[in-house]
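Containing TSV, C-alpha atoms: protein_26.tsv.
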```tsv
chain	number	residue	atom	x	y	z
A	1	MET	CA	112.78	126.34	60.81
A	2	PRO	CA	109.53	126.37	62.83
A	3	VAL	CA	109.26	123.53	65.36
A	4	ARG	CA	105.98	121.65	65.34
A	5	LYS	CA	104.24	121.62	68.72
A	6	SER	CA	103.58	118.18	70.13
A	7	ARG	CA	99.90	117.62	70.83
A	8	ARG	CA	97.77	114.95	72.34
A	9	TYR	CA	94.22	114.20	71.24
A	10	LEU	CA	91.58	112.98	73.67
A	11	ARG	CA	88.35	111.23	72.71
A	12	ILE	CA	85.94	112.75	75.23
A	13	TRP	CA	82.49	111.63	76.11
A	14	VAL	CA	79.98	113.88	77.87
A	15	ARG	CA	77.29	112.63	80.22
A	16	GLY	CA	74.57	114.77	81.68
A	17	ALA	CA	70.89	115.21	82.38
A	18	ARG	CA	70.47	116.58	78.83
A	19	GLY	CA	72.42	116.88	75.58
A	20	PHE	CA	74.95	119.68	75.25
A	21	ALA	CA	76.03	121.87	72.36
A	22	SER	CA	79.63	122.10	71.20
A	23	LYS	CA	79.96	125.71	72.39
A	24	GLY	CA	78.79	124.82	75.91
A	25	VAL	CA	81.22	121.91	76.16
A	26	SER	CA	84.09	123.99	74.85
A	27	ASP	CA	83.34	126.79	77.35
A	28	ALA	CA	83.10	124.33	80.23
A	29	ILE	CA	86.50	122.85	79.35
A	30	GLN	CA	88.13	126.29	79.20
A	31	LYS	CA	86.51	127.25	82.50
A	32	GLY	CA	87.58	123.94	84.07
A	33	VAL	CA	91.23	124.52	83.19
A	34	LEU	CA	91.00	128.16	84.24
A	35	SER	CA	89.55	127.37	87.67
A	36	LEU	CA	92.13	124.67	88.40
A	37	TYR	CA	95.31	126.10	86.85
A	38	GLY	CA	94.54	129.76	86.06
A	39	PHE	CA	95.49	131.76	82.97
A	40	HIS	CA	99.03	130.48	83.03
A	41	GLY	CA	97.80	126.88	83.02
A	42	LEU	CA	95.33	127.61	80.25
A	43	SER	CA	98.13	129.02	78.12
A	44	LEU	CA	100.25	125.91	78.72
A	45	LEU	CA	97.52	123.30	78.25
A	46	GLU	CA	96.03	124.98	75.16
A	47	PRO	CA	92.78	122.97	75.22
A	48	THR	CA	90.87	123.09	71.93
A	49	LEU	CA	87.72	121.19	71.15
A	50	ILE	CA	88.43	120.01	67.59
A	51	GLU	CA	85.06	118.43	66.95
A	52	PHE	CA	81.94	117.50	68.88
A	53	GLU	CA	79.05	115.35	67.76
A	54	GLU	CA	75.97	116.52	69.57
A	55	ALA	CA	74.02	113.38	68.68
A	56	GLU	CA	76.56	111.07	70.31
A	57	GLN	CA	77.83	113.61	72.87
A	58	MET	CA	81.37	112.62	71.91
A	59	GLY	CA	84.18	114.76	70.68
A	60	ILE	CA	87.90	115.19	70.16
A	61	LEU	CA	89.86	117.53	72.38
A	62	ARG	CA	93.40	118.64	71.67
A	63	CYS	CA	95.92	119.66	74.32
A	64	ASN	CA	99.64	120.11	74.78
A	65	ARG	CA	101.28	116.69	75.08
A	66	SER	CA	103.42	117.54	78.08
A	67	HIS	CA	100.34	118.63	80.07
A	68	LEU	CA	98.07	115.65	79.46
A	69	ARG	CA	97.73	114.85	83.18
A	70	GLU	CA	96.70	118.41	83.97
A	71	MET	CA	94.18	118.21	81.14
A	72	ARG	CA	92.70	115.00	82.54
A	73	ALA	CA	92.55	116.49	86.05
A	74	SER	CA	90.76	119.59	84.72
A	75	LEU	CA	88.19	117.40	82.95
A	76	ALA	CA	87.68	115.36	86.12
A	77	PHE	CA	86.84	118.56	88.00
A	78	ILE	CA	84.04	119.58	85.64
A	79	VAL	CA	80.65	119.02	87.30
A	80	ASN	CA	78.53	121.47	85.30
A	81	ILE	CA	78.11	122.45	81.69
A	82	GLY	CA	76.18	125.71	81.63
A	83	ASP	CA	73.70	125.32	84.45
A	84	SER	CA	73.22	121.54	84.14
A	85	SER	CA	75.08	118.80	85.98
A	86	ALA	CA	77.46	116.93	83.72
A	87	ALA	CA	80.64	114.89	83.61
A	88	ILE	CA	83.28	114.66	80.91
A	89	HIS	CA	85.07	111.33	80.59
A	90	VAL	CA	88.09	110.47	78.50
A	91	ALA	CA	87.50	107.32	76.48
A	92	ARG	CA	90.94	107.25	74.85
A	93	THR	CA	93.95	109.37	74.05
A	94	SER	CA	96.15	109.33	70.98
A	95	GLY	CA	98.86	111.24	69.16
A	96	THR	CA	96.75	111.40	65.99
A	97	ILE	CA	93.16	112.35	65.23
A	98	LYS	CA	92.90	109.55	62.69
A	99	SER	CA	93.22	106.75	65.23
A	100	LEU	CA	90.66	108.42	67.50
A	101	ARG	CA	88.19	108.61	64.63
A	102	SER	CA	88.55	104.90	63.99
A	103	HIS	CA	88.22	104.23	67.72
A	104	ARG	CA	84.93	106.16	67.74
A	105	ASP	CA	83.50	103.77	65.16
A	106	ASN	CA	84.60	100.74	67.16
A	107	TYR	CA	83.32	102.28	70.39
A	108	LEU	CA	79.88	103.04	69.04
A	109	GLY	CA	79.79	99.69	67.26
A	110	ARG	CA	80.48	97.90	70.57
A	111	ALA	CA	77.85	99.95	72.40
A	112	GLU	CA	75.21	99.12	69.78
A	113	ALA	CA	76.16	95.44	69.86
A	114	SER	CA	75.87	95.31	73.66
A	115	GLU	CA	72.45	97.01	73.52
A	116	LYS	CA	71.24	94.27	71.19
B	1	MET	CA	97.49	95.31	81.73
B	2	ARG	CA	96.41	97.34	84.77
B	3	ARG	CA	93.21	96.41	86.56
B	4	PHE	CA	91.54	99.48	87.99
B	5	ILE	CA	89.23	99.65	90.98
B	6	ASP	CA	87.18	102.50	92.37
B	7	LEU	CA	87.13	101.58	96.04
B	8	HIS	CA	84.46	104.03	97.14
B	9	VAL	CA	81.09	104.31	95.44
B	10	LYS	CA	77.85	104.80	97.34
B	11	SER	CA	74.95	102.93	95.87
B	12	PRO	CA	71.84	104.87	94.87
B	13	PRO	CA	68.66	103.73	96.66
B	14	GLU	CA	67.00	102.10	93.63
B	15	THR	CA	68.03	99.18	91.41
B	16	ASP	CA	67.90	101.15	88.12
B	17	GLY	CA	70.41	103.70	89.39
B	18	LEU	CA	72.56	100.87	90.63
B	19	ARG	CA	72.56	99.18	87.23
B	20	GLU	CA	73.48	102.49	85.57
B	21	MET	CA	76.42	102.92	87.95
B	22	LEU	CA	77.70	99.40	87.28
B	23	GLU	CA	77.40	99.84	83.50
B	24	LEU	CA	79.20	103.17	83.67
B	25	ALA	CA	82.00	101.75	85.84
B	26	ALA	CA	82.58	98.99	83.29
B	27	LYS	CA	82.50	101.49	80.42
B	28	LEU	CA	85.02	103.73	82.19
B	29	GLY	CA	87.45	100.81	82.39
B	30	PHE	CA	87.15	99.62	85.98
B	31	SER	CA	87.44	95.93	86.82
B	32	GLY	CA	86.34	96.39	90.41
B	33	LEU	CA	84.08	98.56	92.49
B	34	GLY	CA	84.00	99.02	96.26
B	35	MET	CA	80.38	99.66	97.10
B	36	VAL	CA	78.66	101.02	100.18
B	37	ALA	CA	75.12	99.63	100.10
B	38	ASP	CA	72.62	97.92	102.34
B	39	ARG	CA	72.71	94.12	102.21
B	40	ALA	CA	69.72	93.63	99.87
B	41	LEU	CA	70.95	96.20	97.35
B	42	PHE	CA	74.49	94.86	97.51
B	43	ASP	CA	73.24	91.34	96.81
B	44	SER	CA	71.33	92.53	93.75
B	45	ALA	CA	74.42	94.47	92.59
B	46	LYS	CA	76.53	91.35	93.12
B	47	GLY	CA	74.15	89.54	90.75
B	48	MET	CA	74.48	92.22	88.05
B	49	ALA	CA	78.23	92.84	88.35
B	50	PRO	CA	79.54	89.73	86.51
B	51	ASP	CA	77.54	90.72	83.37
B	52	GLN	CA	79.59	93.94	83.32
B	53	GLY	CA	82.86	92.15	84.06
B	54	LEU	CA	83.08	93.79	87.47
B	55	ASP	CA	84.32	92.40	90.74
B	56	LEU	CA	82.22	93.95	93.51
B	57	VAL	CA	83.72	94.60	96.94
B	58	SER	CA	81.48	95.13	99.96
B	59	ARG	CA	82.45	98.20	101.92
B	60	ALA	CA	81.22	99.74	105.17
B	61	ASP	CA	81.82	103.39	106.08
B	62	LEU	CA	81.85	103.79	109.85
B	63	ARG	CA	81.26	107.18	111.49
B	64	PRO	CA	81.93	106.44	115.16
B	65	LYS	CA	81.45	109.15	117.78
B	66	SER	CA	84.10	107.82	120.17
B	67	PRO	CA	86.97	105.30	120.21
B	68	ARG	CA	84.79	102.93	122.24
B	69	ASP	CA	82.04	103.21	119.63
B	70	LEU	CA	84.61	102.45	116.92
B	71	THR	CA	85.89	99.33	118.68
B	72	ALA	CA	82.34	98.05	119.17
B	73	SER	CA	81.41	98.69	115.51
B	74	LEU	CA	84.56	96.99	114.27
B	75	GLY	CA	83.78	93.92	116.36
B	76	ARG	CA	80.34	93.70	114.76
B	77	MET	CA	81.22	94.59	111.16
B	78	ARG	CA	84.71	93.24	110.44
B	79	GLY	CA	83.60	89.74	109.55
B	80	ARG	CA	80.75	90.95	107.33
B	81	PHE	CA	82.48	93.39	104.97
B	82	GLU	CA	85.52	93.06	102.72
B	83	MET	CA	86.50	96.68	103.29
B	84	ILE	CA	86.05	98.84	106.38
B	85	ALA	CA	86.56	102.59	106.15
B	86	VAL	CA	86.41	104.96	109.07
B	87	GLU	CA	85.33	108.57	108.60
B	88	CYS	CA	87.20	110.16	111.49
B	89	GLN	CA	85.05	112.81	113.20
B	90	SER	CA	87.41	113.53	116.09
B	91	LYS	CA	91.10	113.29	116.88
B	92	ALA	CA	90.50	110.51	119.43
B	93	VAL	CA	88.65	108.41	116.85
B	94	ALA	CA	91.32	109.10	114.24
B	95	ARG	CA	94.08	107.92	116.60
B	96	GLN	CA	92.18	104.76	117.53
B	97	ALA	CA	91.32	104.00	113.88
B	98	ALA	CA	94.91	104.51	112.76
B	99	LYS	CA	96.28	101.97	115.23
B	100	ASP	CA	93.55	99.33	114.82
B	101	ASN	CA	94.52	96.77	112.18
B	102	ARG	CA	90.85	95.92	111.56
B	103	VAL	CA	90.48	99.30	109.82
B	104	ASP	CA	91.43	99.31	106.14
B	105	VAL	CA	90.90	102.88	105.05
B	106	LEU	CA	90.99	106.22	106.83
B	107	CYS	CA	88.82	109.10	105.60
B	108	PHE	CA	88.55	112.61	106.98
B	109	PRO	CA	85.94	115.41	107.10
B	110	THR	CA	85.24	117.36	103.96
B	111	THR	CA	84.96	120.84	105.46
B	112	VAL	CA	88.13	122.89	105.77
B	113	GLN	CA	87.56	123.83	109.42
B	114	GLU	CA	86.96	120.28	110.63
B	115	ARG	CA	89.73	118.89	108.46
B	116	ARG	CA	92.22	121.30	110.02
B	117	LYS	CA	91.29	119.88	113.44
B	118	VAL	CA	91.05	116.19	112.60
B	119	GLY	CA	93.32	115.75	109.52
B	120	PHE	CA	95.87	113.01	108.93
B	121	ASP	CA	98.92	114.23	110.86
B	122	ARG	CA	102.36	112.65	111.29
B	123	GLN	CA	101.46	110.77	114.46
B	124	GLU	CA	98.47	109.20	112.73
B	125	ALA	CA	100.56	108.38	109.69
B	126	SER	CA	103.09	106.63	111.93
B	127	LEU	CA	100.32	104.60	113.64
B	128	ALA	CA	98.61	103.81	110.33
B	129	ALA	CA	101.88	102.55	108.86
B	130	GLY	CA	102.18	100.09	111.77
B	131	ALA	CA	98.58	98.88	111.45
B	132	ASN	CA	98.64	98.74	107.62
B	133	CYS	CA	95.78	101.24	107.25
B	134	SER	CA	95.46	103.12	103.97
B	135	TYR	CA	94.85	106.80	103.46
B	136	GLU	CA	92.09	107.60	100.96
B	137	VAL	CA	91.62	110.66	98.78
B	138	ASN	CA	87.98	111.01	97.72
B	139	VAL	CA	87.82	113.12	94.58
B	140	SER	CA	84.12	113.95	95.17
B	141	ASP	CA	85.19	115.89	98.31
B	142	LEU	CA	86.77	118.46	95.99
B	143	LEU	CA	84.13	118.62	93.27
B	144	GLY	CA	81.66	121.48	92.98
B	145	LYS	CA	83.26	123.44	95.81
B	146	SER	CA	83.90	127.19	95.74
B	147	PRO	CA	87.49	128.17	94.86
B	148	LYS	CA	88.13	129.18	98.49
B	149	VAL	CA	86.99	125.84	99.93
B	150	ALA	CA	88.58	123.76	97.14
B	151	SER	CA	91.94	125.50	97.53
B	152	GLY	CA	91.82	125.15	101.33
B	153	LEU	CA	91.03	121.45	101.10
B	154	THR	CA	93.66	120.89	98.41
B	155	SER	CA	96.30	122.47	100.61
B	156	ILE	CA	95.32	120.29	103.62
B	157	ILE	CA	95.16	117.11	101.54
B	158	ARG	CA	98.60	117.90	100.07
B	159	GLU	CA	100.04	117.97	103.60
B	160	GLU	CA	98.22	114.75	104.48
B	161	VAL	CA	99.49	113.01	101.36
B	162	GLU	CA	103.01	114.14	102.25
B	163	ASN	CA	102.59	112.60	105.74
B	164	ALA	CA	101.31	109.37	104.22
B	165	ARG	CA	104.28	109.15	101.84
B	166	ARG	CA	106.78	109.97	104.58
B	167	PHE	CA	105.63	106.93	106.59
B	168	ASP	CA	104.89	104.65	103.61
B	169	VAL	CA	101.17	104.57	104.30
B	170	PRO	CA	99.40	103.07	101.25
B	171	LEU	CA	97.58	105.74	99.27
B	172	VAL	CA	94.25	105.09	97.58
B	173	VAL	CA	92.28	107.43	95.33
B	174	SER	CA	88.55	106.89	94.85
B	175	SER	CA	85.66	108.81	93.37
B	176	GLY	CA	83.40	108.72	96.46
B	177	ALA	CA	80.55	109.01	93.96
B	178	VAL	CA	76.95	109.03	95.15
B	179	ASN	CA	75.53	109.18	91.61
B	180	PRO	CA	76.80	108.31	88.11
B	181	LEU	CA	77.66	111.94	87.30
B	182	LEU	CA	80.27	111.98	90.06
B	183	MET	CA	82.06	108.88	88.77
B	184	ARG	CA	85.35	109.51	86.99
B	185	ASP	CA	87.53	107.41	84.70
B	186	PRO	CA	90.52	105.71	86.41
B	187	ARG	CA	93.19	107.79	84.71
B	188	GLY	CA	91.20	110.92	85.54
B	189	LEU	CA	91.21	109.93	89.21
B	190	ALA	CA	94.95	109.26	89.07
B	191	SER	CA	95.55	112.63	87.38
B	192	VAL	CA	93.81	114.47	90.22
B	193	LEU	CA	96.70	113.33	92.44
B	194	ASN	CA	98.84	115.62	90.32
B	195	LEU	CA	97.46	118.42	92.52
B	196	PHE	CA	99.15	116.78	95.51
B	197	ASP	CA	102.54	116.43	93.82
B	198	ILE	CA	102.15	112.74	93.03
B	199	GLY	CA	103.68	111.41	89.84
B	200	GLU	CA	101.88	109.51	87.11
B	201	GLU	CA	103.02	106.00	88.04
B	202	GLU	CA	102.29	106.43	91.75
B	203	GLY	CA	98.91	107.94	90.87
B	204	LEU	CA	97.96	104.95	88.74
B	205	GLU	CA	99.02	102.57	91.51
B	206	ALA	CA	96.65	104.37	93.90
B	207	VAL	CA	93.72	103.36	91.70
B	208	SER	CA	94.95	99.87	90.76
B	209	THR	CA	97.67	97.87	92.57
B	210	THR	CA	97.30	99.37	96.06
B	211	PRO	CA	93.51	98.97	96.44
B	212	TRP	CA	93.54	95.50	94.85
B	213	ARG	CA	96.25	94.40	97.29
B	214	LEU	CA	94.04	95.61	100.13
B	215	VAL	CA	91.02	93.72	98.79
B	216	GLU	CA	92.97	90.50	98.27
B	217	THR	CA	94.46	90.64	101.78
B	218	ASN	CA	91.01	91.12	103.29
B	219	ARG	CA	89.46	88.34	101.23
B	220	GLY	CA	92.21	86.08	102.53
B	221	LYS	CA	91.31	87.10	106.08
B	222	LEU	CA	87.62	86.44	105.51
B	223	GLY	CA	88.35	83.08	103.87
B	224	PRO	CA	88.24	79.75	105.71
B	225	GLY	CA	91.18	78.78	107.91
B	226	TYR	CA	92.36	82.31	108.76
B	227	VAL	CA	93.35	82.67	112.42
B	228	LEU	CA	95.71	85.64	112.78
B	229	PRO	CA	98.02	87.59	110.47
B	230	GLY	CA	100.52	84.92	109.35
B	231	VAL	CA	98.57	82.04	110.96
B	232	ARG	CA	96.24	79.86	108.93
B	233	VAL	CA	94.73	76.41	109.51
B	234	VAL	CA	95.70	74.15	106.61
```
The structure given in the file should be rewritten as structure tokens.
Amino acid sequence: MPVRKSRRYLRIWVRGARGFASKGVSDAIQKGVLSLYGFHGLSLLEPTLIEFEEAEQMGILRCNRSHLREMRASLAFIVNIGDSSAAIHVARTSGTIKSLRSHRDNYLGRAEASEK
Amino acid sequence: MRRFIDLHVKSPPETDGLREMLELAAKLGFSGLGMVADRALFDSAKGMAPDQGLDLVSRADLRPKSPRDLTASLGRMRGRFEMIAVECQSKAVARQAAKDNRVDVLCFPTTVQERRKVGFDRQEASLAAGANCSYEVNVSDLLGKSPKVASGLTSIIREEVENARRFDVPLVVSSGAVNPLLMRDPRGLASVLNLFDIGEEEGLEAVSTTPWRLVETNRGKLGPGYVLPGVRVV
């Protein structure tokens, strides 16, 4: 019987001088892991950008559960996306995408409320 | 619940940038921020911080040229700042800073060559343990560096962290950010310590319990009635 891989989902939030496209963010994450942990690390962490909303610059990233710390460290080391300065922050992590989606709504709701 | 603090942030020169940094720190989940800023800017930040739910800590980074220079600066600054960090430029300064209990945090050069000469060795770790100085890892020192430089620095810092742990020197991890794009979330900062063979719990302590303990001790010293360690007028 196939064993299901355990994953962890991260609600990421990108900040930069300009907005970034999903492809650029995904490439930067792969490059970040590669530069810090190499091909072997990339194969263990298995980072995959599941979704990215360009309007909000927020997305959901999936990685291997047992390498969550390495994933966070790789994200912390990202200073560029393409040729622009940027930073990727983790707003929240979860074992399911569903709870992250509901968190996004609360997060944006709070931000709008505080702006008012 | 853990209260996180980024003990090393350098304030941008204008108020708008400062506000942005404070808002971002609150959004990233910090409850405290150690800020290097001139007095006027720090006062305006202190006014803005409560709106963001932040506790602001005044910090001075000293870059003395000689041990004598360090002693003189400490005499002038100790009573005015809640946190004093020394960026050690020479071995003599590093030795003096490690044994002076008026120094809270020890920092080291960010270039591989200089760091090899001046780094945090066992003797310094032993002195720092006696004087209750902390060893700080600034994540910004490693960001945006070429693989050669980053790997060289990582290797040196790993040895330094090992020395700090061997002598029970408190370990602090900070962003060392000079602009909002260099700020990192607290768990991200703690995860970077993974590169230096530090576990998750110890990493989180380096960005929460350890720096807060340092801040609270210093606030006690700056408070009324303090005479000497262990002596207070009641």
For this session: For chain B, report every residue with an atom at most 7 Å from chain A (counting only C-alpha atoms), formatted as JSON, numbers by chain.
Result: {"B": [143, 144, 181, 184, 185, 188, 191, 192]}
Exercise. So what do you get for atom CA of B:Phe81 versus atom CA of B:Met35, distance-wise?
Worked result: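 Separation between atom CA of B:Phe81 and atom CA of B:Met35: 10.3 Å.
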For this session: State, in Å with one decimal place, the distance from atom CA of A:Gly38 to atom CA of A:Thr96.
Result: 27.3 Å
For this session: Calculate how many Å separate atom CA of A:Lys31 from atom CA of A:Ile81, rounding to one decimal.
Result: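 Pair atom CA of A:Lys31 / atom CA of A:Ile81 returns 9.7 Å.
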Exercise. Between B:Gly203, B:Gly176, B:Pro50, B:Gly119, which is the closest to B:Asp141 once you count all atoms listed in the file?
Worked result: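 Of the candidates, the smallest distance to B:Asp141 is held by B:Gly176.
Taking all atoms listed in the file into account, B:Leu18 lies nearest to B:Leu41 out of the set B:Met83, B:Met183, B:Val137, B:Leu41.
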For this session: With a distance cut-off of 6 Å and only C-alpha atoms, select the neighbouring residues of stretch 53-65 of chain B, excluding the residue or stretch itself and same-chain residues fewer than 2 positions from it, and output the selection as a list of chain:residue names.
Result: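 So, after excluding close chain neighbours, the residues are B:Ser31, B:Gly32, B:Leu33, B:Gly34, B:Met35, B:Val36, B:Ala49, B:Pro50, B:Asp51, B:Asp69, B:Leu70, B:Phe81, B:Glu82, B:Met83, B:Ile84, B:Ala85, B:Val86, B:Glu87.
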For this session: Fewer than 5 positions away in the same chain doesn't count, so skip those; otherwise give me all residues within 7 Å of stretch 219-228 of chain B, counting only C-alpha atoms, as a VMD selection string.
Result: chain B and resid 79 82 233 to 234
Axis-aligned box over every listed atom of stretch 164-174 of chain B, padded by 5 Å per side: centre and edges in Å to one decimal, as JSON?
```
{"center_x": 97.7, "center_y": 106.5, "center_z": 100.7, "size_x": 28.2, "size_y": 16.9, "size_z": 21.7}
```
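Between B:Leu7 and the candidates B:Leu142, B:Ala131, B:Met48, B:Ala25, the tightest atom-to-atom separation, counting only C-alpha atoms, involves B:Ala25.
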Problem set entry | Spatial neighbours of stretch 97-101 of chain B, 7 Å, only C-alpha atoms, chain gap at least 4 places, as number ranges by chain | B: 86, 93, 124, 127-128, 131-133
Exercise. Looking at only C-alpha atoms, which of B:Asn194, B:Thr71, B:Gln123, B:Ser208 is the one that sits closest to B:Val169?
Worked result: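 Ranked by minimum distance to B:Val169, first place goes to B:Gln123.
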Exercise. B:Arg122: which residues within 7 Å, counting all atoms listed in the file, same-chain residues fewer than 3 positions away excluded, as a ChimeraX atom specification?
Worked result: /B:125-126,163
Filtering to C-alpha atoms, could you give me those residues as a short mmCIF file (atom, residue, chain, number, x, y, z; two decimals), in the frame of the given file?
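Output file selection_15.cif is given in full below:
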```cif
data_model
loop_
_atom_site.label_atom_id
_atom_site.label_comp_id
_atom_site.auth_asym_id
_atom_site.auth_seq_id
_atom_site.Cartn_x
_atom_site.Cartn_y
_atom_site.Cartn_z
CA ALA B 125 100.56 108.38 109.69
CA SER B 126 103.09 106.63 111.93
CA ASN B 163 102.59 112.60 105.74
#
```
Problem set entry | B:Thr209 environment, 12 Å, only C-alpha atoms, sequence neighbours closer than 2 positions dropped, as number ranges by chain | B: 1-7, 31-32, 170-173, 201-207, 211-216
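Each of A:Ser6, A:Ser22, A:Ser43, A:Asn64 was checked against A:Gly82 using all atoms listed in the file; the smallest atom-to-atom distance is that of A:Ser22.
Of the listed residues (A:Lys98, A:His40, A:Lys5, A:Arg18), A:Lys98 comes nearest to A:Ile60; the distances count all atoms listed in the file.
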Exercise. Taking (95.2, 118.2, 72.4) in the file's coordinates, which residues come within 6 Å, counting all atoms listed in the file, written as JSON, numbers by chain?
Worked result: {"A": [7, 8, 9, 61, 62, 63, 64]}
